[in-house]
Structures are given as structure tokens and as C-alpha cells.
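This is model-v2.csv (CSV, C-alpha atoms).
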chain,number,residue,atom,x,y,z
E,1,MET,CA,84.3,-73.6,-99.0
E,2,PRO,CA,81.2,-71.5,-99.7
E,3,SER,CA,79.2,-72.6,-102.8
E,4,ARG,CA,79.4,-70.8,-106.1
E,5,ASP,CA,75.7,-70.0,-105.8
E,6,TYR,CA,76.3,-68.3,-102.5
E,7,ALA,CA,79.1,-66.2,-104.0
E,8,ALA,CA,76.7,-65.3,-106.9
E,9,SER,CA,74.1,-64.2,-104.4
E,10,LYS,CA,76.6,-62.0,-102.6
E,11,LEU,CA,77.6,-60.4,-106.0
E,12,LEU,CA,73.9,-60.0,-107.0
E,13,LYS,CA,73.2,-58.2,-103.7
E,14,CYS,CA,75.9,-55.6,-104.6
E,15,PHE,CA,74.4,-55.1,-108.1
E,16,LEU,CA,70.9,-54.6,-106.6
E,17,GLU,CA,72.4,-52.0,-104.2
E,18,GLU,CA,73.4,-50.0,-107.3
E,19,GLN,CA,77.1,-50.8,-107.0
E,20,ASN,CA,79.3,-50.7,-110.1
E,21,LEU,CA,82.2,-53.1,-109.6
E,22,THR,CA,85.5,-53.5,-111.3
E,23,SER,CA,86.8,-57.0,-111.8
E,24,ALA,CA,89.0,-56.7,-108.8
E,25,GLU,CA,86.2,-55.5,-106.5
E,26,ALA,CA,83.9,-58.2,-107.8
E,27,LYS,CA,86.6,-60.8,-107.0
E,28,GLU,CA,86.9,-59.4,-103.6
E,29,VAL,CA,83.2,-59.8,-103.0
E,30,ILE,CA,83.0,-63.4,-104.1
E,31,GLY,CA,86.3,-64.5,-102.6
E,32,GLN,CA,89.4,-66.0,-104.1
E,33,GLU,CA,88.1,-69.6,-104.3
E,34,HIS,CA,85.7,-68.8,-107.2
E,35,GLU,CA,86.3,-67.6,-110.7
E,36,LEU,CA,84.4,-64.4,-111.5
E,37,SER,CA,83.4,-65.6,-115.0
E,38,ARG,CA,81.7,-68.7,-113.5
E,39,VAL,CA,79.9,-66.7,-110.9
E,40,LEU,CA,78.7,-64.2,-113.5
E,41,ASP,CA,77.6,-67.1,-115.6
E,42,ILE,CA,75.3,-68.3,-112.8
E,43,ILE,CA,73.7,-64.9,-112.4
E,44,ARG,CA,73.2,-64.4,-116.1
E,45,ASN,CA,72.5,-67.9,-117.5
E,46,LYS,CA,71.1,-69.8,-114.5
E,47,TRP,CA,69.1,-67.1,-112.7
E,48,PHE,CA,68.5,-65.1,-116.0
E,49,ILE,CA,69.5,-61.7,-114.5
E,50,PRO,CA,71.0,-59.2,-116.9
E,51,VAL,CA,74.4,-58.1,-115.6
E,52,GLU,CA,76.2,-55.8,-118.0
E,53,CYS,CA,79.8,-55.1,-118.5
E,54,SER,CA,81.5,-52.0,-119.9
E,55,ARG,CA,85.1,-52.0,-120.7
E,56,THR,CA,87.4,-49.0,-120.7
E,57,GLY,CA,90.9,-50.0,-121.7
E,58,ASN,CA,91.9,-52.9,-119.5
E,59,CYS,CA,89.3,-52.2,-116.9
E,60,ALA,CA,85.9,-54.0,-116.9
E,61,ILE,CA,83.0,-52.6,-114.8
E,62,TYR,CA,80.1,-54.9,-114.0
E,63,TYR,CA,76.7,-53.5,-113.2
E,64,MET,CA,72.9,-53.8,-113.5
E,65,SER,CA,71.1,-51.1,-115.4
E,66,HIS,CA,68.5,-49.0,-113.5
E,67,GLU,CA,65.7,-50.6,-115.6
E,68,ALA,CA,66.8,-54.1,-114.8
E,69,ARG,CA,66.9,-53.4,-111.1
E,70,GLU,CA,63.4,-51.9,-111.2
E,71,MET,CA,62.1,-54.9,-113.2
E,72,PHE,CA,63.9,-57.3,-110.7
E,73,HIS,CA,61.9,-55.8,-107.8
E,74,GLU,CA,58.6,-55.1,-109.6
E,75,ASP,CA,58.2,-57.6,-112.4
E,76,ARG,CA,60.7,-60.4,-111.9
E,77,GLY,CA,58.8,-62.9,-114.2
E,78,THR,CA,59.0,-60.6,-117.2
E,79,LEU,CA,62.6,-59.9,-116.6
E,80,LYS,CA,63.4,-63.6,-116.3
E,81,LYS,CA,61.4,-64.5,-119.4
E,82,GLU,CA,63.2,-61.8,-121.5
E,83,LYS,CA,66.7,-62.8,-120.3
E,84,ARG,CA,65.9,-66.5,-120.8
E,85,SER,CA,64.9,-65.9,-124.4
E,86,GLN,CA,68.1,-63.9,-124.9
E,87,VAL,CA,70.2,-66.7,-123.4
E,88,TYR,CA,68.6,-69.4,-125.6
E,89,ARG,CA,68.8,-67.2,-128.7
E,90,ASP,CA,72.5,-66.6,-128.0
E,91,ARG,CA,73.1,-70.4,-127.5
E,92,TYR,CA,71.3,-71.2,-130.8
E,93,LEU,CA,73.3,-68.6,-132.7
E,94,ALA,CA,76.6,-70.0,-131.3
E,95,LEU,CA,75.6,-73.5,-132.2
E,96,ARG,CA,74.6,-72.5,-135.7
E,97,SER,CA,77.9,-70.7,-136.1
E,98,ARG,CA,79.8,-73.8,-134.9
E,99,MET,CA,77.9,-76.0,-137.3
E,100,PHE,CA,78.6,-73.8,-140.3
E,101,LYS,CA,82.3,-73.7,-139.4
E,102,GLU,CA,82.3,-77.5,-139.2
E,103,MET,CA,80.5,-77.8,-142.5
E,104,VAL,CA,83.2,-75.9,-144.5
E,105,LYS,CA,85.9,-78.3,-143.3
E,106,PRO,CA,86.7,-81.2,-145.6
E,107,GLY,CA,84.1,-83.9,-144.9
E,108,GLY,CA,82.1,-81.5,-142.8
E,109,VAL,CA,78.8,-82.0,-144.6
E,110,GLU,CA,78.9,-85.7,-144.1
E,111,ARG,CA,79.9,-85.4,-140.5
E,112,MET,CA,77.0,-83.0,-139.9
E,113,LYS,CA,74.6,-85.4,-141.5
E,114,THR,CA,75.8,-88.2,-139.2
E,115,LEU,CA,75.5,-86.0,-136.1
E,116,PHE,CA,72.0,-84.9,-137.1
E,117,HIS,CA,70.9,-88.5,-137.6
E,118,GLN,CA,72.4,-89.6,-134.2
E,119,ALA,CA,70.7,-86.7,-132.5
E,120,LEU,CA,67.4,-87.5,-134.1
E,121,GLU,CA,67.6,-91.2,-133.1
E,122,ARG,CA,68.4,-90.2,-129.5
E,123,ALA,CA,65.5,-87.8,-129.4
E,124,GLU,CA,63.1,-90.4,-130.9
E,125,ALA,CA,64.3,-93.0,-128.4
E,126,ALA,CA,63.9,-90.5,-125.5
E,127,ASN,CA,60.3,-89.8,-126.6
E,128,ASP,CA,59.3,-93.3,-127.4
E,129,PRO,CA,57.0,-94.7,-124.7
E,130,GLU,CA,57.7,-98.3,-125.7
E,131,SER,CA,61.5,-97.9,-125.1
E,132,LYS,CA,60.7,-96.5,-121.6
E,133,LYS,CA,58.6,-99.5,-120.8
E,134,ASP,CA,61.4,-101.8,-121.7
E,135,SER,CA,63.9,-100.0,-119.5
E,136,ASP,CA,61.6,-100.1,-116.4
Write the structure described by the file as C-alpha cells, please.
Amino acid sequence: MPSRDYAASKLLKCFLEEQNLTSAEAKEVIGQEHELSRVLDIIRNKWFIPVECSRTGNCAIYYMSHEAREMFHEDRGTLKKEKRSQVYRDRYLALRSRMFKEMVKPGGVERMKTLFHQALERAEAANDPESKKDSD
């Protein structure tokens, strides 16, 4: 079975050739063994390439904007940096939203305090040079 990265590269090639693909066409390009959402996730969140989607009724059309294609060919570093910051911002906002939802539940504030302390302890342990010496 071809890898998901290979399927993503095939799909990216279509976008770079200025093709607008419906969901069915995109699935045809990547093959039946891969889920379209996972392949798009690789392109967007692993390779940091902005693929857009416009929906009309039940039909979704995936494409790269003209500006994104130009930047991909001319200034890939800037494009990657902009998309990476967008991805990290979106992840942060999603995490913040989940935290607030947990905090309004009964016992949520105490649960969040416990999780913060555990995360802090893990981060300190990971950055402590003495603990790294002991584990070697």
C-alpha cells in the first residue's frame, strides 16, 4: 500500500497545477486506501501548505489560491512560516477552548489545577540536566 505521504504529494501536485478538486476527485487521486481528511491534514499541518476548501451545498471543492501557489514556488520559507504560525495559533485556541469547557464542569477548576501541576512537573523533569544524568 502506498504511504499517506505519497498520496499527499500526488494531491499537492494537482493543487500546484491549478486544479480545483471536489471531494470525489480528490479521493480518486489519492486512492481508496487513504482518508481524504488525513491526507489533507498532512498537507496543511505537517507540510504547512495552505489548501483551502469552499462548500456549495453538499459539494466541497479543495484548491490552493493563486497567491499561495506563487509563494510556494517563489518564497517557500515565508509561506511555511505563515502557515506554521496559523496552525500553532489554531491549536492554541482549540486547547484554550477545551480548557474553559472543562473548567465550567463541576470540579473542573480543581481538575485543571492538577493537570497544570502535572504538566509543569513533567516539563521541569524534562529540562532538568540532573535527571538526564541519572537516566543515562
- Using all atoms listed in the file, determine which residues lie at most 7 Å from region 59-69 of chain E, disregarding the query and same-chain residues fewer than 2 positions distant; provide the list as JSON, numbers by chain. {"E": [15, 16, 19, 20, 21, 22, 23, 50, 51, 52, 53, 54, 55, 56, 57, 71, 72, 73]}
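The two atoms in question, CA of Asp75 (chain E) and CA of Arg44 (chain E), are spaced 16.9 Å apart.
A cut-off of 10 Å from the point (70.7, -66.6, -122.0), with only C-alpha atoms, picks out the residues Asp41, Arg44, Asn45, Lys46, Trp47, Phe48, Ile49, Pro50, Lys80, Lys81, Glu82, Lys83, Arg84, Ser85, Gln86, Val87, Tyr88, Arg89, Asp90, Arg91 and Tyr92 of chain E.
Taking CA of Ile30 (chain E) and CA of Lys10 (chain E) as the two end points, the separation is 6.7 Å.
CA of Met112 (chain E) is positioned 12.9 Å from CA of Ser97 (chain E).
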Please list, as a PyMOL selection string, the residues that have an atom at most 8 Å away from (78.4, -70.3, -110.3) in the coordinates of this file, counting all atoms listed in the file. chain E and resi 3-5+7-8+38-43
